>>> print(open('protein_12.cif').read())   # mmCIF, C-alpha atoms (C1' of nucleotides)
data_data
loop_
_atom_site.label_atom_id
_atom_site.label_comp_id
_atom_site.auth_asym_id
_atom_site.auth_seq_id
_atom_site.Cartn_x
_atom_site.Cartn_y
_atom_site.Cartn_z
CA MET Y 1113 19.82 -20.15 -16.24
CA GLU Y 1114 17.15 -21.50 -18.49
CA GLN Y 1115 14.49 -19.52 -20.31
CA ASP Y 1116 11.92 -19.93 -17.56
CA ASN Y 1117 13.59 -17.18 -15.62
CA ARG Y 1118 10.72 -15.08 -16.89
CA GLU Y 1119 8.09 -17.33 -15.35
CA ARG Y 1120 9.91 -17.61 -12.06
CA LEU Y 1121 10.23 -13.84 -11.86
CA LEU Y 1122 6.49 -13.47 -12.48
CA ALA Y 1123 5.66 -16.03 -9.80
CA ALA Y 1124 8.04 -14.47 -7.29
CA ALA Y 1125 6.65 -11.01 -8.00
CA THR Y 1126 3.08 -12.25 -7.53
CA LYS Y 1127 3.92 -13.67 -4.14
CA LEU Y 1128 5.91 -10.71 -2.88
CA PHE Y 1129 3.61 -7.99 -4.24
CA ALA Y 1130 0.61 -9.77 -2.73
CA ASP Y 1131 2.22 -9.93 0.68
CA SER Y 1132 3.83 -6.52 0.86
CA GLY Y 1133 2.51 -4.26 -1.89
CA PHE Y 1134 4.32 -2.61 -4.74
CA ASP Y 1135 6.51 -0.19 -2.81
CA ASN Y 1136 7.74 -2.52 -0.10
CA VAL Y 1137 9.21 -4.95 -2.60
CA SER Y 1138 12.49 -4.23 -4.37
CA ILE Y 1139 13.44 -5.71 -7.69
CA ARG Y 1140 16.40 -7.22 -5.88
CA ALA Y 1141 14.07 -9.06 -3.50
CA ILE Y 1142 12.04 -10.38 -6.42
CA ALA Y 1143 15.16 -11.53 -8.23
CA SER Y 1144 16.43 -13.17 -5.07
CA GLU Y 1145 13.11 -14.97 -4.49
CA ALA Y 1146 13.18 -16.18 -8.10
CA GLN Y 1147 16.86 -17.04 -7.90
CA ALA Y 1148 17.52 -14.87 -10.92
CA ASN Y 1149 19.38 -11.66 -11.65
CA SER Y 1150 17.61 -8.37 -11.03
CA ALA Y 1151 18.64 -7.00 -14.41
CA LEU Y 1152 16.44 -9.64 -16.02
CA ILE Y 1153 13.36 -7.77 -14.80
CA SER Y 1154 14.18 -4.91 -17.13
CA TYR Y 1155 15.11 -7.35 -19.83
CA TYR Y 1156 11.83 -9.30 -19.73
CA PHE Y 1157 9.29 -6.78 -18.50
CA GLY Y 1158 10.86 -3.36 -19.11
CA SER Y 1159 10.51 -2.02 -15.57
CA LYS Y 1160 9.30 -2.85 -12.10
CA GLN Y 1161 5.98 -1.16 -12.87
CA GLN Y 1162 5.48 -3.19 -16.01
CA LEU Y 1163 6.24 -6.34 -14.04
CA TYR Y 1164 3.47 -5.38 -11.61
CA ASP Y 1165 1.14 -4.82 -14.56
CA ALA Y 1166 1.98 -8.27 -15.86
CA VAL Y 1167 1.09 -9.74 -12.48
CA ILE Y 1168 -2.28 -7.96 -12.43
CA LEU Y 1169 -3.08 -9.02 -15.99
CA HIS Y 1170 -2.33 -12.59 -15.06
CA GLN Y 1171 -4.81 -12.36 -12.20
CA ILE Y 1172 -7.48 -11.09 -14.57
CA LYS Y 1173 -7.37 -14.28 -16.59
CA THR Y 1174 -7.94 -16.38 -13.49
CA LEU Y 1175 -10.94 -14.30 -12.55
CA GLU Y 1176 -12.41 -14.30 -16.04
CA ALA Y 1177 -12.38 -18.07 -16.20
CA PHE Y 1178 -14.93 -18.09 -13.38
CA LEU Y 1179 -17.37 -15.88 -15.24
CA SER Y 1180 -17.75 -17.77 -18.49
CA GLU Y 1181 -20.64 -19.82 -17.09
CA ASP Y 1182 -24.18 -19.06 -18.28
CA PHE Y 1183 -26.34 -18.43 -15.23
CA SER Y 1184 -29.45 -17.28 -17.06
CA VAL Y 1185 -31.19 -20.66 -17.18
CA LEU Y 1186 -30.77 -21.52 -13.51
CA ASP Y 1187 -33.18 -21.13 -10.63
CA PRO Y 1188 -32.39 -17.68 -9.16
CA ARG Y 1189 -31.44 -19.16 -5.81
CA GLU Y 1190 -29.18 -21.63 -7.53
CA VAL Y 1191 -27.28 -18.74 -9.15
CA PHE Y 1192 -26.17 -17.54 -5.73
CA ARG Y 1193 -25.25 -21.03 -4.62
CA ARG Y 1194 -23.10 -21.47 -7.73
CA HIS Y 1195 -21.54 -18.06 -7.30
CA ALA Y 1196 -20.63 -18.82 -3.69
CA ALA Y 1197 -19.09 -22.12 -4.70
CA ALA Y 1198 -17.14 -20.46 -7.52
CA MET Y 1199 -15.80 -17.78 -5.19
CA GLN Y 1200 -14.74 -20.41 -2.69
CA GLN Y 1201 -12.87 -22.32 -5.37
CA LEU Y 1202 -11.36 -19.13 -6.79
CA HIS Y 1203 -9.99 -17.95 -3.47
CA HIS Y 1204 -8.77 -21.40 -2.64
CA GLU Y 1205 -6.85 -21.80 -5.89
CA ASN Y 1206 -5.58 -18.27 -5.93
CA PRO Y 1207 -5.02 -16.87 -2.46
CA ALA Y 1208 -3.08 -13.91 -3.80
CA LEU Y 1209 -6.01 -12.46 -5.73
CA LEU Y 1210 -7.94 -10.92 -2.87
CA LYS Y 1211 -4.82 -9.34 -1.45
CA PHE Y 1212 -4.41 -7.45 -4.69
CA ILE Y 1213 -8.06 -6.50 -4.83
CA CYS Y 1214 -7.99 -5.36 -1.24
CA ARG Y 1215 -4.91 -3.22 -1.75
CA GLU Y 1216 -6.30 -1.76 -4.95
CA PHE Y 1217 -9.48 -0.74 -3.13
CA GLY Y 1218 -7.39 1.94 -1.51
CA THR Y 1219 -5.14 3.04 -4.35
CA PRO Y 1220 -6.44 1.73 -7.64
CA SER Y 1221 -3.85 1.28 -10.37
CA GLU Y 1222 -4.60 1.79 -14.03
CA HIS Y 1223 -4.45 -1.90 -14.76
CA PHE Y 1224 -6.78 -2.73 -11.93
CA ASN Y 1225 -9.26 -0.49 -13.67
CA ILE Y 1226 -8.97 -2.69 -16.71
CA LEU Y 1227 -9.69 -5.74 -14.58
CA ILE Y 1228 -12.72 -4.09 -13.04
CA LYS Y 1229 -14.16 -2.93 -16.33
CA LYS Y 1230 -13.73 -6.27 -18.04
CA VAL Y 1231 -14.93 -8.62 -15.36
CA ALA Y 1232 -17.26 -6.96 -12.90
CA PRO Y 1233 -20.10 -5.79 -15.18
CA ARG Y 1234 -20.67 -9.33 -16.41
CA LEU Y 1235 -20.95 -10.62 -12.86
CA TYR Y 1236 -23.19 -7.73 -11.88
CA ALA Y 1237 -25.49 -8.40 -14.84
CA ALA Y 1238 -25.76 -12.10 -14.01
CA LEU Y 1239 -26.67 -11.46 -10.38
CA ALA Y 1240 -29.08 -8.64 -11.26
CA ASP Y 1241 -30.83 -10.94 -13.72
CA ALA Y 1242 -31.18 -13.64 -11.08
CA LEU Y 1243 -32.70 -11.19 -8.60
CA GLN Y 1244 -35.12 -9.82 -11.15
CA ARG Y 1245 -36.28 -13.26 -12.21
CA GLY Y 1246 -36.69 -14.21 -8.56
CA ILE Y 1247 -38.94 -11.23 -7.98
CA GLN Y 1248 -41.01 -12.00 -11.07
CA GLN Y 1249 -41.41 -15.61 -9.99
CA GLY Y 1250 -42.66 -14.50 -6.59
CA LEU Y 1251 -39.70 -16.05 -4.79
CA PHE Y 1252 -38.18 -12.78 -3.59
CA ARG Y 1253 -39.78 -9.77 -1.93
CA PRO Y 1254 -41.08 -7.36 -4.56
CA ASP Y 1255 -39.64 -4.28 -2.82
CA LEU Y 1256 -36.08 -5.55 -3.29
CA ARG Y 1257 -33.60 -2.95 -4.49
CA ILE Y 1258 -31.35 -4.71 -6.97
CA ARG Y 1259 -28.13 -2.77 -6.66
CA PRO Y 1260 -27.92 -2.62 -2.87
CA ALA Y 1261 -28.82 -6.31 -2.72
CA ILE Y 1262 -25.92 -7.22 -5.00
CA ILE Y 1263 -23.41 -5.14 -3.09
CA LEU Y 1264 -24.71 -6.76 0.07
CA TRP Y 1265 -24.23 -10.20 -1.36
CA MET Y 1266 -20.73 -9.41 -2.58
CA GLY Y 1267 -19.93 -8.17 0.90
CA MET Y 1268 -21.19 -11.38 2.47
CA VAL Y 1269 -19.20 -13.57 0.12
CA ASN Y 1270 -15.97 -11.60 0.02
CA PHE Y 1271 -15.58 -10.08 3.44
CA TYR Y 1272 -14.72 -13.41 5.01
CA TYR Y 1273 -11.68 -13.78 2.78
CA LEU Y 1274 -10.87 -10.09 2.91
CA SER Y 1275 -10.68 -10.12 6.68
CA GLN Y 1276 -9.18 -13.54 7.15
CA ASN Y 1277 -5.87 -12.17 8.38
CA LEU Y 1278 -7.68 -10.35 11.14
CA HIS Y 1279 -9.85 -13.11 12.57
CA SER Y 1280 -7.36 -14.65 14.92
CA ARG Y 1281 -6.12 -11.28 16.07
CA VAL Y 1282 -9.62 -10.00 16.75
CA ILE Y 1283 -11.40 -12.99 18.14
CA GLY Y 1284 -8.63 -15.21 19.42
CA GLN Y 1285 -7.56 -18.61 18.23
CA GLU Y 1286 -9.30 -20.31 15.36
CA GLN Y 1287 -12.01 -22.71 16.34
CA ALA Y 1288 -11.78 -25.89 14.35
CA ASP Y 1289 -15.49 -26.24 13.75
CA GLU Y 1290 -16.12 -22.83 12.26
CA HIS Y 1291 -14.57 -22.83 8.85
CA GLU Y 1292 -15.05 -21.66 5.35
CA ASP Y 1293 -17.86 -24.10 4.60
CA THR Y 1294 -19.83 -23.18 7.68
CA TYR Y 1295 -19.43 -19.54 6.81
CA LEU Y 1296 -20.52 -19.74 3.19
CA GLN Y 1297 -23.34 -22.15 3.93
CA GLN Y 1298 -24.73 -19.81 6.54
CA ALA Y 1299 -24.23 -16.81 4.23
CA LEU Y 1300 -26.45 -18.54 1.68
CA GLN Y 1301 -29.05 -19.50 4.26
CA ILE Y 1302 -29.33 -16.03 5.74
CA PHE Y 1303 -29.23 -14.22 2.41
CA LEU Y 1304 -31.80 -16.43 0.68
CA GLN Y 1305 -34.13 -16.50 3.65
CA GLY Y 1306 -33.69 -12.75 3.94
CA LEU Y 1307 -34.74 -12.26 0.32
CA GLU Y 1308 -37.88 -14.38 0.60
CA ARG Y 1309 -41.27 -12.86 0.02
CA ARG Y 1310 -43.29 -12.91 3.23
CA ASN Y 1311 -46.66 -14.76 3.10
CA MET L 1262 4.26 30.06 11.64
CA GLU L 1263 2.08 29.57 14.66
CA GLN L 1264 2.14 26.61 17.04
CA ASP L 1265 -0.64 24.77 15.22
CA ASN L 1266 1.86 23.60 12.66
CA ARG L 1267 1.67 20.33 14.53
CA GLU L 1268 -2.06 19.98 14.00
CA ARG L 1269 -1.86 20.94 10.36
CA LEU L 1270 0.86 18.37 9.78
CA LEU L 1271 -1.27 15.69 11.43
CA ALA L 1272 -4.29 16.61 9.31
CA ALA L 1273 -2.25 16.71 6.11
CA ALA L 1274 -0.65 13.35 6.93
CA THR L 1275 -4.05 11.80 7.61
CA LYS L 1276 -5.35 12.92 4.24
CA LEU L 1277 -2.30 11.94 2.22
CA PHE L 1278 -1.66 8.61 3.97
CA ALA L 1279 -5.31 7.66 3.54
CA ASP L 1280 -5.22 8.42 -0.17
CA SER L 1281 -1.86 6.98 -1.09
CA GLY L 1282 -0.49 4.84 1.72
CA PHE L 1283 2.64 5.24 3.79
CA ASP L 1284 5.26 4.68 1.12
CA ASN L 1285 3.79 6.82 -1.61
CA VAL L 1286 3.82 9.92 0.54
CA SER L 1287 7.03 11.81 1.24
CA ILE L 1288 7.54 14.00 4.27
CA ARG L 1289 8.11 16.82 1.79
CA ALA L 1290 4.64 16.26 0.33
CA ILE L 1291 3.07 16.28 3.79
CA ALA L 1292 4.88 19.48 4.70
CA SER L 1293 3.79 21.05 1.44
CA GLU L 1294 0.16 20.05 2.00
CA ALA L 1295 0.32 21.49 5.50
CA GLN L 1296 2.19 24.59 4.31
CA ALA L 1297 4.89 23.88 6.84
CA ASN L 1298 8.54 22.92 6.77
CA SER L 1299 9.42 19.24 6.43
CA ALA L 1300 11.95 19.43 9.26
CA LEU L 1301 9.05 20.10 11.62
CA ILE L 1302 7.92 16.50 11.21
CA SER L 1303 11.05 15.32 12.97
CA TYR L 1304 10.71 18.10 15.47
CA TYR L 1305 7.11 17.31 16.47
CA PHE L 1306 6.77 13.60 15.85
CA GLY L 1307 10.34 12.25 15.71
CA SER L 1308 10.08 10.51 12.34
CA LYS L 1309 7.78 9.79 9.44
CA GLN L 1310 6.88 6.45 10.99
CA GLN L 1311 5.96 8.04 14.29
CA LEU L 1312 3.83 10.56 12.43
CA TYR L 1313 1.96 7.67 10.83
CA ASP L 1314 1.53 6.09 14.26
CA ALA L 1315 0.08 9.33 15.55
CA VAL L 1316 -2.42 9.32 12.70
CA ILE L 1317 -3.50 5.75 13.46
CA LEU L 1318 -3.81 6.44 17.18
CA HIS L 1319 -5.99 9.44 16.40
CA GLN L 1320 -8.29 7.19 14.36
CA ILE L 1321 -8.57 4.74 17.28
CA LYS L 1322 -10.10 7.36 19.50
CA THR L 1323 -12.80 8.07 16.95
CA LEU L 1324 -13.62 4.39 16.71
CA GLU L 1325 -13.61 3.82 20.45
CA ALA L 1326 -16.13 6.57 21.00
CA PHE L 1327 -18.64 4.46 19.08
CA LEU L 1328 -18.23 1.46 21.33
CA SER L 1329 -18.84 2.98 24.73
CA GLU L 1330 -22.58 2.28 24.48
CA ASP L 1331 -24.04 -0.57 26.53
CA PHE L 1332 -25.91 -2.86 24.17
CA SER L 1333 -26.67 -5.61 26.66
CA VAL L 1334 -30.11 -4.35 27.65
CA LEU L 1335 -31.47 -3.87 24.14
CA ASP L 1336 -33.64 -6.14 22.04
CA PRO L 1337 -31.19 -8.27 20.05
CA ARG L 1338 -32.51 -6.94 16.75
CA GLU L 1339 -32.17 -3.40 18.01
CA VAL L 1340 -28.47 -4.01 18.67
CA PHE L 1341 -27.88 -4.51 14.95
CA ARG L 1342 -29.98 -1.50 14.04
CA ARG L 1343 -27.93 0.66 16.41
CA HIS L 1344 -24.69 -0.78 15.15
CA ALA L 1345 -25.64 -0.05 11.54
CA ALA L 1346 -26.56 3.50 12.44
CA ALA L 1347 -23.31 3.97 14.36
CA MET L 1348 -21.25 2.68 11.43
CA GLN L 1349 -23.06 5.01 9.07
CA GLN L 1350 -22.31 7.98 11.29
CA LEU L 1351 -18.72 6.87 11.82
CA HIS L 1352 -17.95 6.54 8.14
CA HIS L 1353 -19.69 9.78 7.40
CA GLU L 1354 -17.73 11.75 9.97
CA ASN L 1355 -14.45 10.05 9.24
CA PRO L 1356 -14.13 9.01 5.62
CA ALA L 1357 -10.41 8.33 5.98
CA LEU L 1358 -10.85 5.54 8.50
CA LEU L 1359 -11.91 2.77 6.16
CA LYS L 1360 -9.10 3.56 3.77
CA PHE L 1361 -6.63 2.86 6.54
CA ILE L 1362 -8.44 -0.29 7.59
CA CYS L 1363 -8.61 -1.48 4.02
CA ARG L 1364 -4.94 -0.91 3.41
CA GLU L 1365 -4.00 -2.56 6.69
CA PHE L 1366 -5.98 -5.65 5.73
CA GLY L 1367 -3.18 -6.38 3.31
CA THR L 1368 -0.12 -5.32 5.26
CA PRO L 1369 -0.95 -4.85 8.92
CA SER L 1370 1.24 -2.45 10.85
CA GLU L 1371 2.09 -2.84 14.49
CA HIS L 1372 -0.08 0.07 15.51
CA PHE L 1373 -3.03 -1.24 13.59
CA ASN L 1374 -2.71 -4.34 15.73
CA ILE L 1375 -3.14 -2.17 18.76
CA LEU L 1376 -6.31 -0.70 17.29
CA ILE L 1377 -7.66 -4.15 16.51
CA LYS L 1378 -6.90 -5.58 19.91
CA LYS L 1379 -8.41 -2.66 21.79
CA VAL L 1380 -11.58 -2.11 19.83
CA ALA L 1381 -12.68 -5.21 17.98
CA PRO L 1382 -13.11 -7.71 20.83
CA ARG L 1383 -15.57 -5.39 22.56
CA LEU L 1384 -17.64 -5.09 19.41
CA TYR L 1385 -17.46 -8.81 18.80
CA ALA L 1386 -18.60 -9.57 22.34
CA ALA L 1387 -21.55 -7.18 22.07
CA LEU L 1388 -22.77 -8.69 18.81
CA ALA L 1389 -22.20 -12.26 20.00
CA ASP L 1390 -24.22 -11.51 23.12
CA ALA L 1391 -27.07 -10.12 21.03
CA LEU L 1392 -27.14 -13.21 18.84
CA GLN L 1393 -27.07 -15.55 21.79
CA ARG L 1394 -29.89 -13.74 23.54
CA GLY L 1395 -31.87 -13.78 20.30
CA ILE L 1396 -31.52 -17.54 20.06
CA GLN L 1397 -32.53 -18.02 23.69
CA GLN L 1398 -35.58 -15.83 23.20
CA GLY L 1399 -36.64 -17.89 20.20
CA LEU L 1400 -36.22 -14.96 17.81
CA PHE L 1401 -33.31 -16.41 15.84
CA ARG L 1402 -32.81 -19.85 14.39
CA PRO L 1403 -31.29 -22.20 16.98
CA ASP L 1404 -28.74 -23.63 14.55
CA LEU L 1405 -27.09 -20.24 14.10
CA ARG L 1406 -23.28 -20.26 14.23
CA ILE L 1407 -22.27 -17.17 16.14
CA ARG L 1408 -18.88 -16.39 14.67
CA PRO L 1409 -19.75 -16.82 11.00
CA ALA L 1410 -22.90 -14.78 11.55
CA ILE L 1411 -20.92 -11.88 12.99
CA ILE L 1412 -18.36 -11.90 10.19
CA LEU L 1413 -21.25 -12.00 7.76
CA TRP L 1414 -22.87 -9.01 9.38
CA MET L 1415 -19.61 -7.06 9.44
CA GLY L 1416 -19.24 -7.80 5.75
CA MET L 1417 -22.73 -6.52 4.99
CA VAL L 1418 -22.20 -3.31 6.92
CA ASN L 1419 -18.65 -2.52 5.84
CA PHE L 1420 -18.34 -3.76 2.29
CA TYR L 1421 -20.47 -0.95 0.94
CA TYR L 1422 -18.05 1.65 2.22
CA LEU L 1423 -15.03 -0.47 1.44
CA SER L 1424 -16.02 -0.77 -2.19
CA GLN L 1425 -17.47 2.68 -2.67
CA ASN L 1426 -14.66 3.79 -4.94
CA LEU L 1427 -15.44 0.94 -7.27
CA HIS L 1428 -19.21 1.24 -7.67
CA SER L 1429 -19.28 3.77 -10.44
CA ARG L 1430 -16.46 2.06 -12.30
CA VAL L 1431 -18.11 -1.35 -12.06
CA ILE L 1432 -21.76 -0.61 -12.53
CA GLY L 1433 -21.79 2.71 -14.33
CA GLN L 1434 -23.04 6.03 -13.11
CA GLU L 1435 -24.53 6.44 -9.68
CA GLN L 1436 -28.26 6.19 -9.52
CA ALA L 1437 -29.69 8.90 -7.35
CA ASP L 1438 -32.27 6.71 -5.66
CA GLU L 1439 -29.92 4.00 -4.44
CA HIS L 1440 -27.90 5.47 -1.66
CA GLU L 1441 -26.42 4.72 1.68
CA ASP L 1442 -29.76 4.70 3.49
CA THR L 1443 -31.36 2.31 1.04
CA TYR L 1444 -28.36 0.07 1.32
CA LEU L 1445 -28.18 -0.11 5.10
CA GLN L 1446 -31.93 -0.38 5.50
CA GLN L 1447 -32.01 -3.33 3.16
CA ALA L 1448 -28.98 -4.89 4.84
CA LEU L 1449 -30.88 -4.85 8.11
CA GLN L 1450 -34.06 -6.24 6.54
CA ILE L 1451 -32.30 -9.10 4.81
CA PHE L 1452 -30.04 -9.96 7.73
CA LEU L 1453 -32.77 -9.90 10.37
CA GLN L 1454 -35.26 -11.79 8.25
CA GLY L 1455 -32.49 -14.25 7.40
CA LEU L 1456 -31.81 -14.88 11.08
CA GLU L 1457 -35.43 -15.55 11.99
CA ARG L 1458 -36.51 -18.88 13.34
CA ARG L 1459 -38.83 -20.62 10.88
CA ASN L 1460 -42.40 -21.61 11.87
"C1'" DG A 1452 20.28 -14.46 -22.23
"C1'" DT A 1453 22.78 -13.47 -18.24
"C1'" DC A 1454 25.92 -11.13 -15.54
"C1'" DT A 1455 28.65 -7.06 -12.95
"C1'" DA A 1456 29.19 -2.47 -12.16
"C1'" DT A 1457 27.52 2.01 -12.02
"C1'" DA A 1458 24.85 6.27 -13.16
"C1'" DT A 1459 21.08 8.70 -11.30
"C1'" DT A 1460 17.46 9.89 -8.48
"C1'" DG A 1461 14.74 10.74 -4.52
"C1'" DC A 1462 14.07 9.92 0.17
"C1'" DG A 1463 14.41 10.48 5.52
"C1'" DA A 1464 16.90 12.60 8.82
"C1'" DT A 1465 19.79 16.10 10.99
"C1'" DA A 1466 23.11 19.97 11.87
"C1'" DG A 1467 23.19 24.49 12.76
"C1'" DA A 1468 21.85 29.45 11.87
"C1'" DC A 1469 18.28 32.50 13.30
"C1'" DG W 1221 9.93 27.03 16.81
"C1'" DT W 1222 11.24 27.46 12.22
"C1'" DC W 1223 14.25 27.57 8.47
"C1'" DT W 1224 18.12 26.14 4.82
"C1'" DA W 1225 21.42 23.09 3.41
"C1'" DT W 1226 23.24 18.75 3.20
"C1'" DC W 1227 24.60 13.95 4.50
"C1'" DG W 1228 23.94 9.18 3.80
"C1'" DC W 1229 21.34 5.67 1.97
"C1'" DA W 1230 18.59 2.59 -0.89
"C1'" DA W 1231 16.41 1.79 -5.00
"C1'" DT W 1232 15.60 1.65 -10.17
"C1'" DA W 1233 17.44 1.44 -14.42
"C1'" DT W 1234 21.09 0.78 -17.74
"C1'" DA W 1235 25.68 0.27 -20.04
"C1'" DG W 1236 28.54 -3.00 -21.55
"C1'" DA W 1237 31.34 -7.45 -20.97
"C1'" DC W 1238 30.67 -12.31 -21.78
#
>>> encode(input="protein_12.cif", output="structure tokens")
Amino acid sequence: MEQDNRERLLAAATKLFADSGFDNVSIRAIASEAQANSALISYYFGSKQQLYDAVILHQIKTLEAFLSEDFSVLDPREVFRRHAAAMQQLHHENPALLKFICREFGTPSEHFNILIKKVAPRLYAALADALQRGIQQGLFRPDLRIRPAIILWMGMVNFYYLSQNLHSRVIGQEQADEHEDTYLQQALQIFLQGLERRN
Amino acid sequence: MEQDNRERLLAAATKLFADSGFDNVSIRAIASEAQANSALISYYFGSKQQLYDAVILHQIKTLEAFLSEDFSVLDPREVFRRHAAAMQQLHHENPALLKFICREFGTPSEHFNILIKKVAPRLYAALADALQRGIQQGLFRPDLRIRPAIILWMGMVNFYYLSQNLHSRVIGQEQADEHEDTYLQQALQIFLQGLERRN
DNA sequence: GTCTATATTGCGATAGAC
DNA sequence: GTCTATCGCAATATAGAC
């Protein structure tokens, strides 16, 4: 085969690891999915574990690209609107990402730690800055606790995607009119109205 | 050993499965943790898989106990306050539960499906009823979409626990003043104020 | 770079003594 | 009910031909 065996192995591993986790995927299954030989995994990546690491590192880059924006000049409410839109685009373009994050919640790998330490503090700082400016400008309630508010917001934005597999099982068939847009739009409405300073 | 080898195996399995998932735990490790012989797992439960099923079924009972309450007579806002309090107590008494739920988000097992189908629709119905009554009573905004609002609320309540392992890694050291109570109290404030009908 | 064939390891399950 | 010993299997990793 051609040289892009490496890329096809990485893509196949991303798909299979996302769906079934590290342990439920054999290197033979990955090679089969990539239509390559399983020995090439050792050849290109060293081991199955190092292949997984390569997958995680590739996800980091995708996530980082969404955090290069400078939020500090925007209206505080606009920061959350932009963040919601960015998350929507991110999940849409990269459906595997949240499956990895979700799985790593339970059993964090060393390389997931790298992801967390590189990416999350920047996002946290941007959102904390927006909240603080909003309080100073009299937009948000002055008794707001920054850290809980950010975790809350992350929960609102991410839980929808995190639990997507469950919706139909829990609630029954999808309803055509209640989709991603409705969800995120209402998340913004409720969160921003909930933050507002009262009279 | 005594007859309670069975119980000790179940407890050990719960702990180890919660921490590391099904595949990363060997029956030998479980037996070692329980200070029992690994052959007793087959004897009492039939197989490793059936032991896992027994663990999941045991978690269901804990969850079901929190849903026997009749919410239909309460003030709609009070329903969410009670639900938040119940979740807090549930997670506190049973820290392993969310680890299972989180892991099953990614790769749902057959027995997790049973849990979902038994428990979740009741909770969903109770919350949907509260929202609908709140709209009828003029408390909540009339344009509220029920299903997105419930997913939103579940995200606010659960994400804190779901992501607890990550907080210190993401944000730095714990701050003593920002704890569970602060978080849930603010979740309720923001959510309920966000639902309110304007003017 | 790619393949086949195999060395090695660790697991789940069970047979059978006590 | 509990133990030891072991069978059979599947998976990773690698040696070596091409």
>>> residues_near_point(input="protein_12.cif", point="(18.5, 12.1, 12.6)", cutoff="10 Å", atoms="all atoms listed in the file", output="list in words")
Ser1303, Gly1307 and Ser1308 of chain L; DG1463, DA1464, DT1465 and DA1466 of chain A
>>> interface_residues(input="protein_12.cif", of="chain W", to="chain Y", cutoff="9 Å", atoms="all atoms listed in the file", output="ChimeraX atom specification")
/W:1231-1234
>>> write_last_selection(input="protein_12.cif", atoms="C-alpha atoms (C1' of nucleotides)", output="PDB file, in the coordinates of the input")
ATOM      1  C1'  DA W1231      16.410   1.790  -5.000  1.00  0.00           C
ATOM      2  C1'  DT W1232      15.600   1.650 -10.170  1.00  0.00           C
ATOM      3  C1'  DA W1233      17.440   1.440 -14.420  1.00  0.00           C
ATOM      4  C1'  DT W1234      21.090   0.780 -17.740  1.00  0.00           C
TER       5       DT W1234
END
>>> resolve_selection(input="protein_12.cif", expression="the PyMOL selection byres ((chain L and resi 1328-1334) around 10)", output="PyMOL selection string")
chain L and resi 1323-1327+1335-1337+1339-1341+1343-1344+1347+1380-1381+1383-1384+1386-1388+1390-1391+1394
>>> atom_distance(input="protein_12.cif", atom1="atom CA of Y:Lys1127", atom2="atom C1' of A:DT1455")
27.1 Å
>>> interface_residues(input="protein_12.cif", of="chain A", to="chain Y", cutoff="10 Å", atoms="only C-alpha atoms (C1' of nucleotides)", output="PyMOL selection string")
chain A and resi 1452-1454
>>> atom_distance(input="protein_12.cif", atom1="atom CA of Y:Ile1226", atom2="atom CA of L:Lys1360")
21.4 Å
>>> resolve_selection(input="protein_12.cif", expression="the PyMOL selection byres ((chain Y and resi 1125) around 9)", output="VMD selection string")
chain Y and resid 1120 to 1124 1126 to 1130 1137 1139 1141 to 1143 1145 to 1146 1163 to 1164 1167
>>> resolve_selection(input="protein_12.cif", expression="the PyMOL selection byres ((chain L) within 8 of (chain Y))", output="VMD selection string")
chain L and resid 1279 to 1282 1284 to 1285 1360 1363 to 1364 1366 to 1368 1374 1377 to 1378 1381 to 1382 1385 1405 to 1406 1408 to 1410 1412 to 1417 1419 to 1421 1423 to 1424 1426 to 1427 1430 to 1432 1439 1443 to 1444 1447 to 1448 1450 to 1456
>>> atom_distance(input="protein_12.cif", atom1="atom CA of L:Phe1401", atom2="atom CA of L:Arg1338")
9.5 Å
>>> decode(input="protein_12.cif", residues="stretch 1224-1238 of chain W", atoms="C-alpha atoms (C1' of nucleotides)", output="short mmCIF file (atom, residue, chain, number, x, y, z; two decimals), in the first residue's frame")
data_model
loop_
_atom_site.label_atom_id
_atom_site.label_comp_id
_atom_site.auth_asym_id
_atom_site.auth_seq_id
_atom_site.Cartn_x
_atom_site.Cartn_y
_atom_site.Cartn_z
"C1'" DT W 1224 -5.56 -25.10 43.92
"C1'" DA W 1225 -4.31 -26.09 39.49
"C1'" DT W 1226 -4.95 -25.79 34.83
"C1'" DC W 1227 -7.24 -25.50 30.22
"C1'" DG W 1228 -8.23 -22.78 26.31
"C1'" DC W 1229 -8.33 -18.51 24.26
"C1'" DA W 1230 -7.40 -13.90 22.51
"C1'" DA W 1231 -4.48 -10.20 22.26
"C1'" DT W 1232 -0.02 -7.51 21.77
"C1'" DA W 1233 4.29 -7.34 20.08
"C1'" DT W 1234 8.10 -8.86 17.26
"C1'" DA W 1235 11.29 -11.61 14.27
"C1'" DG W 1236 12.43 -12.11 9.85
"C1'" DA W 1237 11.30 -12.88 4.74
"C1'" DC W 1238 10.38 -10.08 0.75
#
